[in-house]
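K.L.:
File follows, target.csv with CSV, C-alpha atoms:
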chain,number,residue,atom,x,y,z
Y,164,MET,CA,-14.3,18.2,21.3
Y,165,THR,CA,-13.2,14.9,19.6
Y,166,SER,CA,-11.2,15.3,16.4
Y,167,THR,CA,-12.6,13.7,13.3
Y,168,ARG,CA,-9.3,13.3,11.7
Y,169,PRO,CA,-8.8,9.6,12.5
Y,170,LEU,CA,-12.2,8.8,11.1
Y,171,ARG,CA,-11.6,10.8,7.9
Y,172,PHE,CA,-8.2,9.1,7.6
Y,173,THR,CA,-9.8,5.6,8.0
Y,174,ARG,CA,-12.4,6.4,5.3
Y,175,MET,CA,-9.8,7.7,3.0
Y,176,LYS,CA,-7.7,4.6,3.5
Y,177,ILE,CA,-10.6,2.3,2.8
Y,178,TRP,CA,-11.4,4.3,-0.3
Y,179,TYR,CA,-7.8,4.1,-1.4
Y,180,ASP,CA,-7.5,0.3,-0.7
Y,181,ARG,CA,-10.7,-0.3,-2.8
Y,182,CYS,CA,-9.4,1.8,-5.7
Y,183,MET,CA,-6.0,0.2,-5.7
Y,184,ALA,CA,-7.2,-3.4,-5.1
Y,185,PHE,CA,-5.5,-6.0,-7.3
Y,186,VAL,CA,-7.2,-6.2,-10.7
Y,187,ASP,CA,-6.0,-9.0,-13.0
Y,188,GLU,CA,-8.7,-9.0,-15.7
Y,189,LEU,CA,-10.5,-6.2,-17.5
Y,190,THR,CA,-12.6,-5.7,-20.6
Y,191,ILE,CA,-12.4,-2.2,-22.2
Y,192,GLN,CA,-13.7,-0.5,-25.3
Y,193,LEU,CA,-11.0,1.3,-27.3
Y,194,THR,CA,-11.4,3.7,-30.2
Y,195,ALA,CA,-8.7,5.3,-32.4
Y,196,GLY,CA,-9.0,8.9,-33.4
Y,197,ASN,CA,-10.8,10.0,-36.5
Y,198,GLY,CA,-8.9,11.8,-39.2
Y,199,GLY,CA,-9.4,15.5,-39.6
Y,200,SER,CA,-11.2,16.7,-42.8
Y,201,GLY,CA,-9.6,18.5,-45.7
Y,202,VAL,CA,-11.0,21.9,-46.5
Y,203,VAL,CA,-11.7,24.1,-49.6
Y,204,ARG,CA,-9.7,27.3,-49.3
Y,205,TRP,CA,-8.3,29.8,-51.8
Y,206,ARG,CA,-5.1,32.0,-51.9
Y,207,ARG,CA,-5.5,35.7,-51.3
Y,208,GLU,CA,-4.0,37.6,-54.2
Y,209,LYS,CA,-4.2,41.3,-55.1
Y,210,PHE,CA,-6.7,42.3,-57.7
Y,211,VAL,CA,-7.9,38.7,-57.9
Y,212,ALA,CA,-11.3,37.7,-56.5
Y,213,LYS,CA,-10.2,34.1,-56.0
Y,214,GLY,CA,-6.7,32.8,-56.2
Y,215,GLY,CA,-5.6,29.2,-56.7
Y,216,PRO,CA,-6.6,26.3,-54.3
Y,217,ALA,CA,-4.9,26.5,-50.9
Y,218,GLY,CA,-7.0,24.1,-48.7
Y,219,GLY,CA,-4.8,21.9,-46.4
Y,220,ASN,CA,-5.2,18.2,-45.6
Y,221,GLY,CA,-6.7,17.0,-42.3
Y,222,GLY,CA,-4.4,15.4,-39.6
Y,223,GLN,CA,-4.2,11.7,-38.9
Y,224,GLY,CA,-6.3,10.3,-36.0
Y,225,GLY,CA,-4.3,9.1,-33.0
Y,226,ASP,CA,-3.4,5.4,-32.8
Y,227,VAL,CA,-4.1,3.2,-29.7
Y,228,TYR,CA,-1.2,1.4,-28.1
Y,229,LEU,CA,-0.6,-0.8,-25.1
Y,230,GLU,CA,2.7,-0.6,-23.2
Y,231,SER,CA,3.7,-3.0,-20.5
Y,232,VAL,CA,5.2,-1.8,-17.2
Y,233,SER,CA,6.4,-3.5,-14.0
Y,234,ASP,CA,3.5,-2.2,-11.9
Y,235,LEU,CA,1.1,-5.1,-11.3
Y,236,THR,CA,-1.6,-2.9,-9.8
Y,237,ILE,CA,-2.0,-0.5,-12.7
Y,238,LEU,CA,-5.1,-2.2,-14.1
Y,239,ALA,CA,-6.9,-0.9,-11.0
Y,240,ARG,CA,-6.7,2.6,-12.5
Y,241,TYR,CA,-9.0,1.7,-15.3
Y,242,ARG,CA,-11.6,-0.1,-13.2
Y,243,GLY,CA,-14.0,2.9,-13.2
Y,244,GLN,CA,-13.6,3.7,-16.9
Y,245,LYS,CA,-14.4,1.2,-19.6
Y,246,GLU,CA,-14.1,3.3,-22.7
Y,247,PHE,CA,-10.9,5.0,-24.0
Y,248,ARG,CA,-10.4,7.0,-27.1
Y,249,ALA,CA,-7.4,8.5,-28.9
Y,250,ALA,CA,-7.5,12.1,-30.1
Y,251,ASP,CA,-9.0,13.1,-33.4
Y,252,GLY,CA,-6.9,14.8,-36.1
Y,253,ASN,CA,-7.5,18.5,-36.7
Y,254,ASP,CA,-9.1,19.8,-39.9
Y,255,GLY,CA,-6.9,21.4,-42.5
Y,256,GLY,CA,-6.6,25.1,-42.8
Y,257,SER,CA,-6.1,27.8,-45.4
Y,258,ALA,CA,-2.7,28.7,-46.9
Y,259,LEU,CA,-1.9,25.0,-47.3
Y,260,LYS,CA,-1.9,24.5,-43.6
Y,261,HIS,CA,-2.4,20.8,-42.7
Y,262,GLY,CA,-4.3,19.8,-39.6
Y,263,ARG,CA,-2.3,18.6,-36.6
Y,264,ASP,CA,-2.3,14.8,-36.1
Y,265,GLY,CA,-4.3,13.5,-33.1
Y,266,GLU,CA,-2.3,12.4,-30.0
Y,267,ASP,CA,-1.9,8.7,-29.7
Y,268,LEU,CA,-3.5,6.9,-26.7
Y,269,VAL,CA,-1.0,4.8,-24.8
Y,270,LEU,CA,-2.5,2.6,-22.0
Y,271,LYS,CA,-0.1,1.1,-19.5
Y,272,VAL,CA,-0.7,-2.6,-18.6
Y,273,PRO,CA,1.2,-4.9,-16.3
Y,274,SER,CA,4.0,-7.1,-17.7
Y,275,GLY,CA,2.5,-10.5,-18.3
Y,276,SER,CA,-0.7,-9.2,-19.8
Y,277,PHE,CA,-2.5,-11.3,-22.4
Y,278,VAL,CA,-4.8,-9.2,-24.6
Y,279,THR,CA,-7.5,-10.5,-26.9
Y,280,ASN,CA,-9.5,-8.6,-29.5
Y,281,SER,CA,-13.0,-9.8,-28.9
Y,282,GLN,CA,-14.1,-9.1,-32.5
Y,283,THR,CA,-11.2,-10.6,-34.4
Y,284,GLY,CA,-9.8,-13.0,-31.9
Y,285,GLU,CA,-6.3,-11.6,-32.5
Y,286,THR,CA,-4.1,-11.8,-29.4
Y,287,TYR,CA,-1.1,-9.9,-28.0
Y,288,ASP,CA,1.3,-11.2,-25.4
Y,289,LEU,CA,3.1,-8.5,-23.4
Y,290,THR,CA,5.6,-10.4,-21.3
Y,291,ALA,CA,8.5,-7.9,-21.0
Y,292,SER,CA,8.4,-4.5,-19.4
Y,293,GLY,CA,8.6,-1.7,-21.9
Y,294,GLN,CA,7.0,-3.8,-24.7
Y,295,ARG,CA,4.6,-1.8,-26.8
Y,296,VAL,CA,2.0,-2.9,-29.4
Y,297,ARG,CA,-0.4,-1.0,-31.6
Y,298,LEU,CA,-3.9,-2.3,-31.2
Y,299,LEU,CA,-5.8,0.2,-33.4
Y,300,ARG,CA,-4.9,2.6,-36.2
Y,301,GLY,CA,-6.3,6.1,-36.4
Y,302,GLY,CA,-8.3,7.3,-39.4
Y,303,GLY,CA,-6.4,9.0,-42.3
Y,304,GLY,CA,-6.7,12.7,-42.8
Y,305,GLY,CA,-9.0,14.0,-45.5
Y,306,ARG,CA,-7.6,15.8,-48.6
Y,307,GLY,CA,-7.9,19.6,-49.1
Y,308,ASN,CA,-8.8,21.1,-52.4
Y,309,PHE,CA,-5.1,21.8,-53.1
Y,310,ALA,CA,-4.5,18.1,-53.4
Y,311,PHE,CA,-7.1,17.9,-56.3
Y,312,ARG,CA,-5.5,20.6,-58.5
Y,313,SER,CA,-4.5,19.5,-62.0
Y,314,ALA,CA,-3.9,21.0,-65.4
Y,315,SER,CA,-7.6,20.4,-66.3
Y,316,ASN,CA,-8.9,21.5,-62.9
Y,317,VAL,CA,-7.2,24.6,-61.7
Y,318,ALA,CA,-10.0,25.6,-59.3
Y,319,PRO,CA,-11.1,22.3,-57.6
Y,320,GLN,CA,-14.0,22.6,-55.2
Y,321,ALA,CA,-13.5,19.1,-53.8
Y,322,ALA,CA,-12.3,18.1,-50.3
Y,323,THR,CA,-12.7,14.8,-48.4
Y,324,GLN,CA,-13.7,14.0,-44.9
Y,325,GLY,CA,-11.3,12.3,-42.5
Y,326,GLY,CA,-11.4,8.6,-42.1
Y,327,GLN,CA,-12.9,6.8,-39.1
Y,328,GLY,CA,-10.6,5.4,-36.5
Y,329,GLU,CA,-10.6,1.7,-35.8
Y,330,GLN,CA,-12.4,0.5,-32.7
Y,331,GLY,CA,-12.7,-2.7,-30.8
Y,332,THR,CA,-13.4,-4.5,-27.5
Y,333,PHE,CA,-10.4,-5.9,-25.8
Y,334,ARG,CA,-10.0,-8.3,-22.8
Y,335,ILE,CA,-6.9,-7.9,-20.7
Y,336,GLU,CA,-5.8,-10.9,-18.5
Y,337,LEU,CA,-2.8,-10.7,-16.3
Y,338,ARG,CA,-0.7,-13.9,-16.2
Y,339,LEU,CA,2.1,-13.5,-13.8
Y,340,VAL,CA,5.7,-14.1,-15.1
Y,341,VAL,CA,7.4,-15.6,-12.1
Y,342,ASP,CA,10.4,-17.9,-11.3
Y,343,VAL,CA,8.9,-19.7,-8.4
Y,344,GLY,CA,5.2,-20.1,-7.7
Y,345,LEU,CA,4.1,-21.2,-4.2
Y,346,ILE,CA,0.9,-23.2,-4.6
Y,347,GLY,CA,-1.1,-25.5,-2.3
Y,348,LEU,CA,-4.3,-25.8,-0.3
Y,349,PRO,CA,-5.6,-22.8,1.8
Y,350,ASN,CA,-3.5,-22.3,5.0
Y,351,ALA,CA,-0.5,-24.2,3.6
Y,352,GLY,CA,1.8,-21.5,4.9
Y,353,LYS,CA,2.5,-20.0,1.5
Y,354,SER,CA,2.2,-16.3,2.5
Y,355,SER,CA,4.3,-16.8,5.7
Y,356,LEU,CA,6.9,-18.6,3.7
Y,357,LEU,CA,7.0,-15.8,1.1
Y,358,ASN,CA,7.4,-13.2,3.8
Y,359,GLU,CA,10.4,-15.1,5.3
Y,360,LEU,CA,12.1,-15.8,2.0
Y,361,THR,CA,11.7,-12.4,0.4
Y,362,LYS,CA,10.8,-9.9,3.2
Y,363,ALA,CA,7.5,-9.3,1.5
Y,364,ARG,CA,4.5,-8.2,3.5
Y,365,ALA,CA,1.8,-10.6,2.4
Y,366,ARG,CA,-1.2,-10.8,4.6
Y,367,VAL,CA,-1.3,-13.8,7.0
Y,368,GLY,CA,-4.3,-15.2,8.8
Y,369,GLU,CA,-5.5,-18.3,10.6
Y,370,TYR,CA,-8.4,-18.9,8.3
Y,371,PRO,CA,-8.9,-20.1,4.7
Y,372,PHE,CA,-8.5,-17.8,1.7
Y,373,THR,CA,-6.5,-15.2,3.6
Y,374,THR,CA,-4.7,-14.5,0.3
Y,375,LEU,CA,-7.2,-13.2,-2.2
Y,376,GLU,CA,-4.7,-12.0,-4.7
Y,377,PRO,CA,-1.1,-13.1,-5.7
Y,378,ASN,CA,1.7,-11.7,-3.6
Y,379,LEU,CA,5.1,-11.1,-5.1
Y,380,GLY,CA,8.6,-11.0,-3.6
Y,381,MET,CA,12.2,-11.0,-4.7
Y,382,LEU,CA,14.7,-13.7,-3.7
Y,383,ASP,CA,18.2,-12.7,-4.9
Y,384,GLY,CA,16.9,-11.9,-8.4
Y,385,LEU,CA,14.2,-14.5,-8.5
Y,386,VAL,CA,10.5,-13.5,-8.6
Y,387,VAL,CA,8.5,-15.6,-6.1
Y,388,ALA,CA,4.7,-15.5,-6.1
Y,389,ASP,CA,2.3,-16.7,-3.5
Y,390,ILE,CA,-0.7,-18.0,-5.4
Y,391,PRO,CA,-4.0,-18.0,-3.5
Y,392,GLY,CA,-5.1,-21.4,-2.1
Y,393,LEU,CA,-6.5,-24.0,-4.5
Y,394,ILE,CA,-9.2,-26.4,-3.5
Y,395,ALA,CA,-11.0,-29.4,-5.1
Y,396,GLY,CA,-13.0,-28.1,-8.1
Y,397,ALA,CA,-10.9,-24.9,-8.5
Y,398,SER,CA,-10.4,-25.7,-12.2
Y,399,LYS,CA,-14.2,-25.5,-12.6
Y,400,GLY,CA,-14.6,-22.3,-10.7
Y,401,LYS,CA,-15.0,-23.5,-7.2
Y,402,GLY,CA,-13.6,-21.4,-4.4
Y,403,LEU,CA,-11.4,-18.7,-5.9
Y,404,GLY,CA,-11.9,-20.6,-9.2
Y,405,ILE,CA,-9.7,-20.7,-12.3
Y,406,LYS,CA,-9.0,-17.0,-11.9
Y,407,PHE,CA,-5.6,-17.7,-10.2
Y,408,LEU,CA,-4.7,-21.0,-11.9
Y,409,ARG,CA,-3.8,-18.9,-15.0
Y,410,HIS,CA,-1.1,-17.2,-12.9
Y,411,ILE,CA,0.7,-20.5,-12.8
Y,412,GLU,CA,0.9,-20.8,-16.6
Y,413,ARG,CA,4.1,-18.8,-16.8
Y,414,THR,CA,5.7,-20.0,-13.6
Y,415,LYS,CA,9.0,-21.7,-14.2
Y,416,LEU,CA,9.1,-23.7,-11.0
Y,417,ILE,CA,6.1,-24.9,-8.9
Y,418,ALA,CA,6.8,-25.1,-5.2
Y,419,HIS,CA,4.0,-27.2,-3.8
Y,420,CYS,CA,3.5,-26.3,-0.2
Y,421,LEU,CA,1.9,-29.0,2.1
Y,422,SER,CA,1.2,-28.2,5.7
Y,423,LEU,CA,2.1,-31.0,8.2
Y,424,GLU,CA,-1.2,-30.3,9.9
Y,425,HIS,CA,-2.8,-32.7,7.3
Y,426,LEU,CA,-3.1,-36.3,8.4
Y,427,ASN,CA,-2.9,-37.5,4.8
Y,428,LEU,CA,-0.3,-35.4,3.0
Y,429,MET,CA,-0.4,-37.5,-0.2
Y,430,LYS,CA,-4.1,-37.0,-0.5
Y,431,ALA,CA,-3.8,-33.3,0.1
Y,432,TYR,CA,-1.1,-33.2,-2.6
Y,433,LYS,CA,-3.2,-35.1,-5.1
Y,434,VAL,CA,-6.1,-32.7,-4.6
Y,435,VAL,CA,-4.1,-29.8,-6.0
Y,436,ARG,CA,-2.3,-31.8,-8.6
Y,437,LYS,CA,-5.7,-32.9,-10.0
Y,438,GLU,CA,-6.8,-29.3,-10.4
Y,439,LEU,CA,-3.6,-28.5,-12.3
Y,440,GLU,CA,-4.2,-31.5,-14.6
Y,441,ASP,CA,-7.8,-30.6,-15.2
Y,442,TYR,CA,-7.0,-27.0,-16.0
Y,443,GLY,CA,-4.5,-28.2,-18.6
Y,444,ARG,CA,-2.2,-25.7,-20.5
Y,445,ASN,CA,0.8,-27.8,-19.4
Y,446,LEU,CA,0.5,-26.9,-15.8
Y,447,SER,CA,0.9,-30.5,-14.7
Y,448,ILE,CA,4.2,-31.0,-16.5
Y,449,LYS,CA,6.0,-28.0,-15.0
Y,450,PRO,CA,9.1,-28.6,-12.8
Y,451,GLU,CA,7.9,-29.1,-9.3
Y,452,ILE,CA,9.3,-29.5,-5.8
Y,453,ILE,CA,7.5,-30.4,-2.5
Y,454,ILE,CA,7.8,-28.2,0.5
Y,455,LEU,CA,6.6,-29.6,3.8
Y,456,THR,CA,5.7,-26.6,6.0
Y,457,LYS,CA,5.1,-26.0,9.7
Y,458,THR,CA,7.7,-28.6,10.8
Y,459,ASP,CA,7.5,-27.1,14.3
Y,460,ILE,CA,4.2,-28.7,15.0
Y,461,VAL,CA,5.3,-32.3,14.5
Y,462,THR,CA,7.9,-34.6,15.9
Y,463,ALA,CA,11.1,-35.5,14.1
Y,464,ALA,CA,9.8,-39.0,13.5
Y,465,VAL,CA,6.6,-37.8,11.9
Y,466,LEU,CA,8.6,-35.4,9.7
Y,467,GLN,CA,11.0,-38.1,8.6
Y,468,GLU,CA,8.1,-40.4,7.7
Y,469,ALA,CA,6.4,-37.7,5.6
Y,470,GLN,CA,9.7,-36.9,3.8
Y,471,GLN,CA,10.4,-40.5,3.1
Y,472,ALA,CA,6.9,-41.1,1.6
Y,473,PHE,CA,7.4,-38.4,-1.0
Y,474,LYS,CA,11.0,-39.4,-1.7
Y,475,ASN,CA,9.9,-43.0,-2.3
Y,476,SER,CA,7.4,-41.6,-4.9
Y,477,GLY,CA,10.2,-39.9,-6.7
Y,478,TYR,CA,9.5,-36.3,-5.6
Y,479,ASP,CA,12.1,-33.7,-4.6
Y,480,VAL,CA,11.0,-32.8,-1.1
Y,481,PHE,CA,12.1,-30.1,1.4
Y,482,SER,CA,10.9,-29.0,4.8
Y,483,CYS,CA,10.9,-25.8,6.8
Y,484,SER,CA,9.4,-23.8,9.5
Y,485,ILE,CA,9.2,-20.0,9.6
Y,486,PHE,CA,10.5,-20.3,13.2
Y,487,ASP,CA,13.6,-22.2,12.0
Y,488,LEU,CA,15.8,-19.7,10.2
Y,489,ALA,CA,18.3,-22.4,9.3
Y,490,SER,CA,15.6,-24.3,7.4
Y,491,ILE,CA,14.5,-21.1,5.6
Y,492,GLU,CA,18.0,-20.4,4.5
Y,493,GLU,CA,18.5,-23.9,3.2
Y,494,LEU,CA,15.2,-23.7,1.3
Y,495,SER,CA,16.3,-20.3,-0.1
Y,496,GLN,CA,19.4,-21.9,-1.5
Y,497,LYS,CA,17.5,-24.8,-2.9
Y,498,LEU,CA,15.0,-22.6,-4.7
Y,499,GLN,CA,17.8,-20.6,-6.3
Y,500,THR,CA,19.4,-23.7,-7.7
Y,501,SER,CA,16.2,-25.5,-8.6
Y,502,ALA,CA,14.5,-22.6,-10.6
Y,503,PRO,CA,15.1,-23.2,-14.3
Y,504,GLN,CA,17.3,-20.6,-15.9
Y,505,THR,CA,16.2,-18.7,-19.0
Transcribe the structure of this file into structure tokens.
P.N.:
Amino acid sequence: MTSTRPLRFTRMKIWYDRCMAFVDELTIQLTAGNGGSGVVRWRREKFVAKGGPAGGNGGQGGDVYLESVSDLTILARYRGQKEFRAADGNDGGSALKHGRDGEDLVLKVPSGSFVTNSQTGETYDLTASGQRVRLLRGGGGGRGNFAFRSASNVAPQAATQGGQGEQGTFRIELRLVVDVGLIGLPNAGKSSLLNELTKARARVGEYPFTTLEPNLGMLDGLVVADIPGLIAGASKGKGLGIKFLRHIERTKLIAHCLSLEHLNLMKAYKVVRKELEDYGRNLSIKPEIIILTKTDIVTAAVLQEAQQAFKNSGYDVFSCSIFDLASIEELSQKLQTSAPQT
């Protein structure tokens, strides 16, 4: 009898991969907790039908916070749930017992998240791990009848309801904070280069758009990102669209990868540069270097001609092949010295 374990394992893996797929934008509805109500209560005293007021106040509703963490995949946890609510405060009790405050809601988001309140337009920029911001405030607790006592009102019958917690719709956009961003047309060798430079395990394939999400790696303290391939019209939504252009906004150094497979390298370079300029947000003025990839497929004369063409135009140009460890090591040193220090 054939075991079904491999099939179950495969299905579980597919389910897990779908659940943990990279999510870099999300719209969620958040609600802070309501405050607990105050109550009308009386002290118990011997030989007295009704003692003095003893109703406690209600507890505060829980607030809503966002806290940034280093896990870039954490937004995938919220993909199946679009509404989140902090706990309500408890009602007051007798014997002057105040209701317990509602527990705060703390949602974890990746470092680099840019959050917008859809109703108010207010924005929050969580760039550092461990950063926490309060988005919504919980409702105040209501007052019990003890709080209304006075010389002229020794037996108040009044108590108030707890306040409503704030609510709102928030859009979360992840904008990667990286030192070096590898950009270029599809199949420029970015993922392979990232793997060699940082020992990352980015997916590599011999077809366009192999990379469907940014991949990250560490190079001696530098965060290096492989940005999915850009094509003409990307700034207007073509191909993978502007979804990944925003990940370049916080990149300190752009490493523009150009495959030597292209017959017209300068034309290929200008295609991507135009998309950066059209997208705006200062992408086109970021520090940039040129990396000519796949040097193993051309002759030394062709490589020298390509290098000279970019140097004559004033660009810093480097070349490498993933099959030439010396060139990878040289590029590694160049990236470490070229990345702006902050």
K.L.:
As an exercise, work out the distance from atom CA of Leu229 of chain Y to atom CA of Glu412 of chain Y in Å and give it to one decimal place.
P.N.:
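One can read the atom CA of Leu229 of chain Y to atom CA of Glu412 of chain Y distance as 21.8 Å.
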K.L.:
Using all atoms listed in the file, which residue out of Y:Leu235, Y:Leu416, Y:Ala310, Y:Ala291 lies closest to Leu337 of chain Y?
P.N.:
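For Leu337 of chain Y, the nearest of the given residues is Y:Leu235.
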K.L.:
For Lys449 of chain Y, which of Y:Ser482, Y:Thr414, Y:Ser292, Y:Gln467 is the closest residue, counting only C-alpha atoms?
P.N.:
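When distances to Lys449 of chain Y are compared using only C-alpha atoms, the smallest one comes from Y:Thr414.
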K.L.:
When distances are computed from all atoms listed in the file, which of Y:Leu428, Y:Ile417, Y:Ala318, Y:Leu268 shows the smallest separation from Asp342 of chain Y?
P.N.:
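Among the listed residues, the smallest separation from Asp342 of chain Y belongs to Y:Ile417.
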K.L.:
Between atom CA of Phe277 of chain Y and atom CA of Ile335 of chain Y, what distance in Å does the model show, to one decimal?
P.N.:
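Value for the atom CA of Phe277 of chain Y-atom CA of Ile335 of chain Y distance: 5.8 Å.
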K.L.:
Take atom CA of Gly384 of chain Y and atom CA of Pro503 of chain Y and report the distance between them in Å, one decimal.
P.N.:
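A separation of 12.9 Å between them.
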K.L.:
Looking at Y:Arg207, Y:Lys415, Y:Lys260, Y:Lys271, which one is nearest to Leu238 of chain Y, with distances taken over only C-alpha atoms?
P.N.:
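Of Y:Arg207, Y:Lys415, Y:Lys260, Y:Lys271, the one nearest Leu238 of chain Y, counting only C-alpha atoms, is Y:Lys271.
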K.L.:
For Gly262 of chain Y, which of Y:Gly222, Y:Pro349, Y:Gly303, Y:Gly275 is the closest residue, counting all atoms listed in the file?
P.N.:
Y:Gly222
K.L.:
Within 6 Å of (11.3, -21.1, 1.7) (file coordinates; only C-alpha atoms), which protein or nucleic acid residues are there? I'd like them as a list of chain:residue names.
P.N.:
Y:Leu356, Y:Leu360, Y:Ile491, Y:Leu494, Y:Ser495
K.L.:
Can you tell me, as an NGL selection string, what residues are no more than 10 Å from Leu466 of chain Y when counting only C-alpha atoms, ignoring any on the same chain fewer than 4 positions away?
P.N.:
:Y and (423 or 455-456 or 458-462 or 470-471 or 482)
K.L.:
Every residue with an atom at most 10 Å from (4.5, -20.1, -11.0) (file coordinates; only C-alpha atoms) is what I'm after, so could you write them as a PyMOL selection string?
P.N.:
chain Y and resi 338-346+386-390+408-418+446+449-451
K.L.:
If we count all atoms listed in the file and set the cut-off at 12 Å, which residues sit around segment 189-194 of chain Y, ignoring sequence neighbours fewer than 2 positions away in its own chain? Please answer as a ChimeraX atom specification.
P.N.:
/Y:185-187,196-197,224-229,237-251,267-270,272-273,276-282,297-302,327-337
K.L.:
Quick one: everything within 6 Å of Cys420 of chain Y, counting all atoms listed in the file, minus sequence neighbours fewer than 3 positions away in the same chain. Send it as a PyMOL selection string.
P.N.:
chain Y and resi 346-347+351+454
K.L.:
Any chance you could build segment 293-314 of chain Y out to N, CA and C atoms and write it as a compact mmCIF listing (two decimals), in the coordinates of the input?
P.N.:
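Resulting contents of out18.txt:
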# COMPACT_ATOMS: atom_id res chain seq x y z
N GLY Y 293 8.21 -2.59 -20.86
CA GLY Y 293 8.60 -1.70 -21.90
C GLY Y 293 8.14 -2.12 -23.31
N GLN Y 294 7.51 -3.28 -23.40
CA GLN Y 294 7.00 -3.80 -24.70
C GLN Y 294 5.78 -2.95 -25.09
N ARG Y 295 5.70 -2.57 -26.36
CA ARG Y 295 4.60 -1.80 -26.80
C ARG Y 295 4.01 -2.36 -28.12
N VAL Y 296 2.68 -2.42 -28.19
CA VAL Y 296 2.00 -2.90 -29.40
C VAL Y 296 0.91 -1.94 -29.79
N ARG Y 297 0.69 -1.82 -31.10
CA ARG Y 297 -0.40 -1.00 -31.60
C ARG Y 297 -1.62 -1.86 -31.80
N LEU Y 298 -2.70 -1.51 -31.12
CA LEU Y 298 -3.90 -2.30 -31.20
C LEU Y 298 -4.83 -1.73 -32.35
N LEU Y 299 -4.91 -0.40 -32.46
CA LEU Y 299 -5.80 0.20 -33.40
C LEU Y 299 -5.13 1.37 -34.13
N ARG Y 300 -5.49 1.55 -35.39
CA ARG Y 300 -4.90 2.60 -36.20
C ARG Y 300 -5.92 3.74 -36.36
N GLY Y 301 -5.43 4.96 -36.22
CA GLY Y 301 -6.30 6.10 -36.40
C GLY Y 301 -6.69 6.34 -37.83
N GLY Y 302 -7.79 7.06 -38.03
CA GLY Y 302 -8.30 7.30 -39.40
C GLY Y 302 -7.34 8.29 -40.12
N GLY Y 303 -7.27 8.13 -41.43
CA GLY Y 303 -6.40 9.00 -42.30
C GLY Y 303 -7.05 10.39 -42.40
N GLY Y 304 -6.20 11.37 -42.59
CA GLY Y 304 -6.70 12.70 -42.80
C GLY Y 304 -7.32 12.92 -44.15
N GLY Y 305 -8.36 13.73 -44.21
CA GLY Y 305 -9.00 14.00 -45.50
C GLY Y 305 -8.10 14.95 -46.34
N ARG Y 306 -8.39 15.03 -47.63
CA ARG Y 306 -7.60 15.80 -48.60
C ARG Y 306 -8.26 17.19 -48.80
N GLY Y 307 -7.45 18.25 -48.75
CA GLY Y 307 -7.90 19.60 -49.10
C GLY Y 307 -7.99 19.80 -50.57
N ASN Y 308 -8.60 20.91 -50.98
CA ASN Y 308 -8.80 21.10 -52.40
C ASN Y 308 -7.45 21.30 -53.16
N PHE Y 309 -6.40 21.70 -52.46
CA PHE Y 309 -5.10 21.80 -53.10
C PHE Y 309 -4.63 20.50 -53.67
N ALA Y 310 -4.98 19.42 -52.98
CA ALA Y 310 -4.50 18.10 -53.40
C ALA Y 310 -5.24 17.64 -54.69
N PHE Y 311 -6.33 18.32 -55.07
CA PHE Y 311 -7.10 17.90 -56.30
C PHE Y 311 -6.74 18.77 -57.49
N ARG Y 312 -5.81 19.69 -57.35
CA ARG Y 312 -5.50 20.60 -58.50
C ARG Y 312 -4.84 19.75 -59.61
N SER Y 313 -5.10 20.18 -60.85
CA SER Y 313 -4.50 19.50 -62.00
C SER Y 313 -4.56 20.53 -63.18
N ALA Y 314 -3.94 20.15 -64.28
CA ALA Y 314 -3.90 21.00 -65.40
C ALA Y 314 -5.33 21.28 -65.96
